[in-house]
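Notes to accompany the following structure.
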Amino acid sequence: MNGSILSGGSTHIRYQHYHFPRLIQVVCPNCLNPAKLTHCDAPEAIAHFIDTDFENRNWIFFCTNCVKRETKNWTEIPALKLLNKIEIRQELIWAWNADHLDYIIGLLSGNEIKDHKWSFFKAYINKNWFTKTKNISDINKLKTMREANSFHL
């Protein structure tokens, strides 16, 4: 997850404003099942937010399988593995959470919803994702990952 969050070229962070999702789906380091991180201060009604003081913010980690629950600081989060990531044709495609992945699937499928809550990040999606996912088989891999991961959360 480190490369996905911290390197400007491979993230969805616009102009280095600290734009974060409210919910991040990760792999539990304890039991290797799906888990989630939820920002402590972000309202449930929003999908993502700008936070300029991100290093002092806390996130709640929760795994429904092993019931591990703890508060994590943002500096601890890059060590966790994102749940929604897959390599297709030597290109790592990733999403913060299922809603973000749905937007990416729609975009790569040519079914973009212009006013989607994740459309803010469209310009910063890796251009290779568009060239590497040109056939229905690749899109189906993303959809299969989405279905498998949403079953657990």
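Naming works like this for the structure tokens: A, B, ... for the chains as they're shown, residue 1 at the start of each chain, ligands 1 onward in shown order.
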
Exercise for the section: Would you mind listing what lies within 10 Å of Leu107 (chain A) as a PyMOL selection string, with only C-alpha atoms counted and same-chain residues fewer than 6 positions away left out? Expected result: chain A and resi 101+113-114+119+122+125+130

Exercise for the section: Extract, using only C-alpha atoms, all DNA, RNA and protein residues at most 10 Å from Lys134 (chain A), discarding same-chain residues fewer than 5 positions from it, and format them as number ranges by chain. Expected result: A: 108-110, 129, 139

Output file for the selection above: N, CA and C atoms, as a PDB file, in the first residue's frame:
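Saved to part.pdb:
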ATOM      1  N   LEU A 108     -13.226   2.331 -16.769  1.00  0.00           N
ATOM      2  CA  LEU A 108     -12.448   1.490 -17.679  1.00  0.00           C
ATOM      3  C   LEU A 108     -13.340   0.748 -18.672  1.00  0.00           C
ATOM      4  N   SER A 109     -14.608   0.532 -18.304  1.00  0.00           N
ATOM      5  CA  SER A 109     -15.561  -0.132 -19.195  1.00  0.00           C
ATOM      6  C   SER A 109     -16.173   0.824 -20.208  1.00  0.00           C
ATOM      7  N   GLY A 110     -15.907   2.111 -20.032  1.00  0.00           N
ATOM      8  CA  GLY A 110     -16.511   3.097 -20.923  1.00  0.00           C
ATOM      9  C   GLY A 110     -17.897   3.511 -20.471  1.00  0.00           C
ATOM     10  N   TRP A 129      -3.821   2.080 -17.041  1.00  0.00           N
ATOM     11  CA  TRP A 129      -4.990   1.266 -16.712  1.00  0.00           C
ATOM     12  C   TRP A 129      -5.957   1.214 -17.890  1.00  0.00           C
ATOM     13  N   ILE A 139     -11.852  -6.562 -17.634  1.00  0.00           N
ATOM     14  CA  ILE A 139     -12.899  -5.910 -16.844  1.00  0.00           C
ATOM     15  C   ILE A 139     -13.580  -6.941 -15.949  1.00  0.00           C
TER      16      ILE A 139
END

Practice task
Could you jot down the CA of Trp96 (chain A) to CA of Ile24 (chain A) separation for me, Å, one decimal place?
Solution key: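 One can read the CA of Trp96 (chain A) to CA of Ile24 (chain A) distance as 5.1 Å.
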
Exercise for the section: Considering only C-alpha atoms, return as a list of chain:residue names whatever protein or nucleic-acid residues lie within 12 Å of Glu147 (chain A), sequence-local ones (same chain, fewer than 5 positions apart) excluded. Expected result: A:Asn84, A:Ala98, A:Asp99, A:Leu101, A:Asp102, A:Asn140, A:Lys141, A:Leu142, A:His152, A:Leu153

Handout entry: Contacts of Glu91 (chain A) at 10 Å (only C-alpha atoms; same-chain gap of 5+ positions) as a list of chain:residue names
Key =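 Returned residues: A:Ile86, A:Asn126, A:Asn128, A:Trp129, A:Thr131, A:Lys132, A:Thr133.
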
If you keep N, CA and C atoms, can you produce a file of those selected residues as a PDB file, in the first residue's frame?
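Saved file part_12.pdb follows:
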ATOM      1  N   ILE A  86      -5.155  -5.629  -7.963  1.00  0.00           N
ATOM      2  CA  ILE A  86      -4.954  -6.778  -8.845  1.00  0.00           C
ATOM      3  C   ILE A  86      -3.953  -6.379  -9.929  1.00  0.00           C
ATOM      4  N   ASN A 126      -4.053   6.181 -13.283  1.00  0.00           N
ATOM      5  CA  ASN A 126      -2.920   5.841 -14.130  1.00  0.00           C
ATOM      6  C   ASN A 126      -3.395   5.581 -15.567  1.00  0.00           C
ATOM      7  N   ASN A 128      -2.050   3.999 -17.926  1.00  0.00           N
ATOM      8  CA  ASN A 128      -1.840   2.614 -18.361  1.00  0.00           C
ATOM      9  C   ASN A 128      -3.034   1.725 -18.051  1.00  0.00           C
ATOM     10  N   TRP A 129      -3.821   2.080 -17.041  1.00  0.00           N
ATOM     11  CA  TRP A 129      -4.990   1.266 -16.712  1.00  0.00           C
ATOM     12  C   TRP A 129      -5.957   1.214 -17.890  1.00  0.00           C
ATOM     13  N   THR A 131      -5.147   1.503 -21.134  1.00  0.00           N
ATOM     14  CA  THR A 131      -4.592   0.732 -22.239  1.00  0.00           C
ATOM     15  C   THR A 131      -4.452  -0.748 -21.904  1.00  0.00           C
ATOM     16  N   LYS A 132      -4.311  -1.078 -20.628  1.00  0.00           N
ATOM     17  CA  LYS A 132      -4.088  -2.472 -20.224  1.00  0.00           C
ATOM     18  C   LYS A 132      -5.386  -3.245 -19.990  1.00  0.00           C
ATOM     19  N   THR A 133      -6.519  -2.575 -19.976  1.00  0.00           N
ATOM     20  CA  THR A 133      -7.787  -3.249 -19.692  1.00  0.00           C
ATOM     21  C   THR A 133      -8.766  -3.044 -20.845  1.00  0.00           C
TER      22      THR A 133
END

Practice task
Run DSSP on the backbone of this structure and report the residues of region 52-142 of chain A it assigns to strand (DSSP E), as a PyMOL selection string.
Solution key: chain A and resi 58-63+69-73+81-82+84-88+91-95

Exercise for the section: Report the residues of region 60-152 of chain A whose backbone DSSP state falls under alpha helix (DSSP H), written as a PyMOL selection string. Expected result: chain A and resi 98-109+127-132+136-152

What would the file look like if the residues just selected were written as a tab-separated table (two decimals), in the first residue's frame with C-alpha atoms?
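Here's the written file again-v5.tsv:
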chain	number	residue	atom	x	y	z
A	98	ALA	CA	-15.53	-1.09	-3.16
A	99	ASP	CA	-17.24	2.18	-4.18
A	100	HIS	CA	-14.00	3.52	-5.60
A	101	LEU	CA	-13.48	0.22	-7.43
A	102	ASP	CA	-17.00	0.42	-8.87
A	103	TYR	CA	-16.18	3.85	-10.29
A	104	ILE	CA	-12.90	2.59	-11.78
A	105	ILE	CA	-14.64	-0.42	-13.36
A	106	GLY	CA	-17.26	1.86	-14.89
A	107	LEU	CA	-14.62	4.24	-16.18
A	108	LEU	CA	-12.45	1.49	-17.68
A	109	SER	CA	-15.56	-0.13	-19.19
A	127	LYS	CA	-3.21	6.15	-17.92
A	128	ASN	CA	-1.84	2.61	-18.36
A	129	TRP	CA	-4.99	1.27	-16.71
A	130	PHE	CA	-6.97	2.38	-19.77
A	131	THR	CA	-4.59	0.73	-22.24
A	132	LYS	CA	-4.09	-2.47	-20.22
A	136	ILE	CA	-13.98	-7.73	-21.44
A	137	SER	CA	-11.85	-10.43	-19.82
A	138	ASP	CA	-9.80	-7.81	-17.96
A	139	ILE	CA	-12.90	-5.91	-16.84
A	140	ASN	CA	-14.41	-9.21	-15.66
A	141	LYS	CA	-11.31	-9.81	-13.50
A	142	LEU	CA	-11.96	-6.49	-11.78
A	143	LYS	CA	-15.65	-7.32	-11.34
A	144	THR	CA	-14.81	-10.75	-9.93
A	145	MET	CA	-12.41	-9.18	-7.43
A	146	ARG	CA	-15.11	-6.66	-6.47
A	147	GLU	CA	-17.69	-9.39	-5.88
A	148	ALA	CA	-15.30	-11.61	-3.91
A	149	ASN	CA	-14.17	-8.77	-1.66
A	150	SER	CA	-17.63	-7.31	-1.06
A	151	PHE	CA	-18.86	-10.73	0.09
A	152	HIS	CA	-16.57	-10.49	3.12

Could you list, as a compact mmCIF listing (two decimals) with C-alpha atoms, in the first residue's frame, every residue within 7 Å of Gln25 (chain A), counting only C-alpha atoms and ignoring same-chain residues fewer than 4 positions away?
# COMPACT_ATOMS: atom_id res chain seq x y z
CA ALA A 35 -10.78 -5.61 7.15
CA LYS A 36 -11.56 -1.93 7.04
CA LEU A 37 -10.16 1.38 8.20
CA LEU A 82 -4.99 -2.84 0.17
CA LEU A 83 -7.79 -5.35 -0.36
CA TRP A 96 -9.36 2.48 -1.82
CA ASN A 97 -12.65 0.61 -1.34

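Using only C-alpha atoms, the shortest contact distance between Ala79 (chain A) and any of A:Val27, A:Leu92, A:Ile60, A:Leu32 is found at A:Val27.
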
Practice task
Would you work out the distance separating CA of Thr75 (chain A) from CA of Phe20 (chain A), expressed in Å to one decimal?
Solution key: 13.4 Å
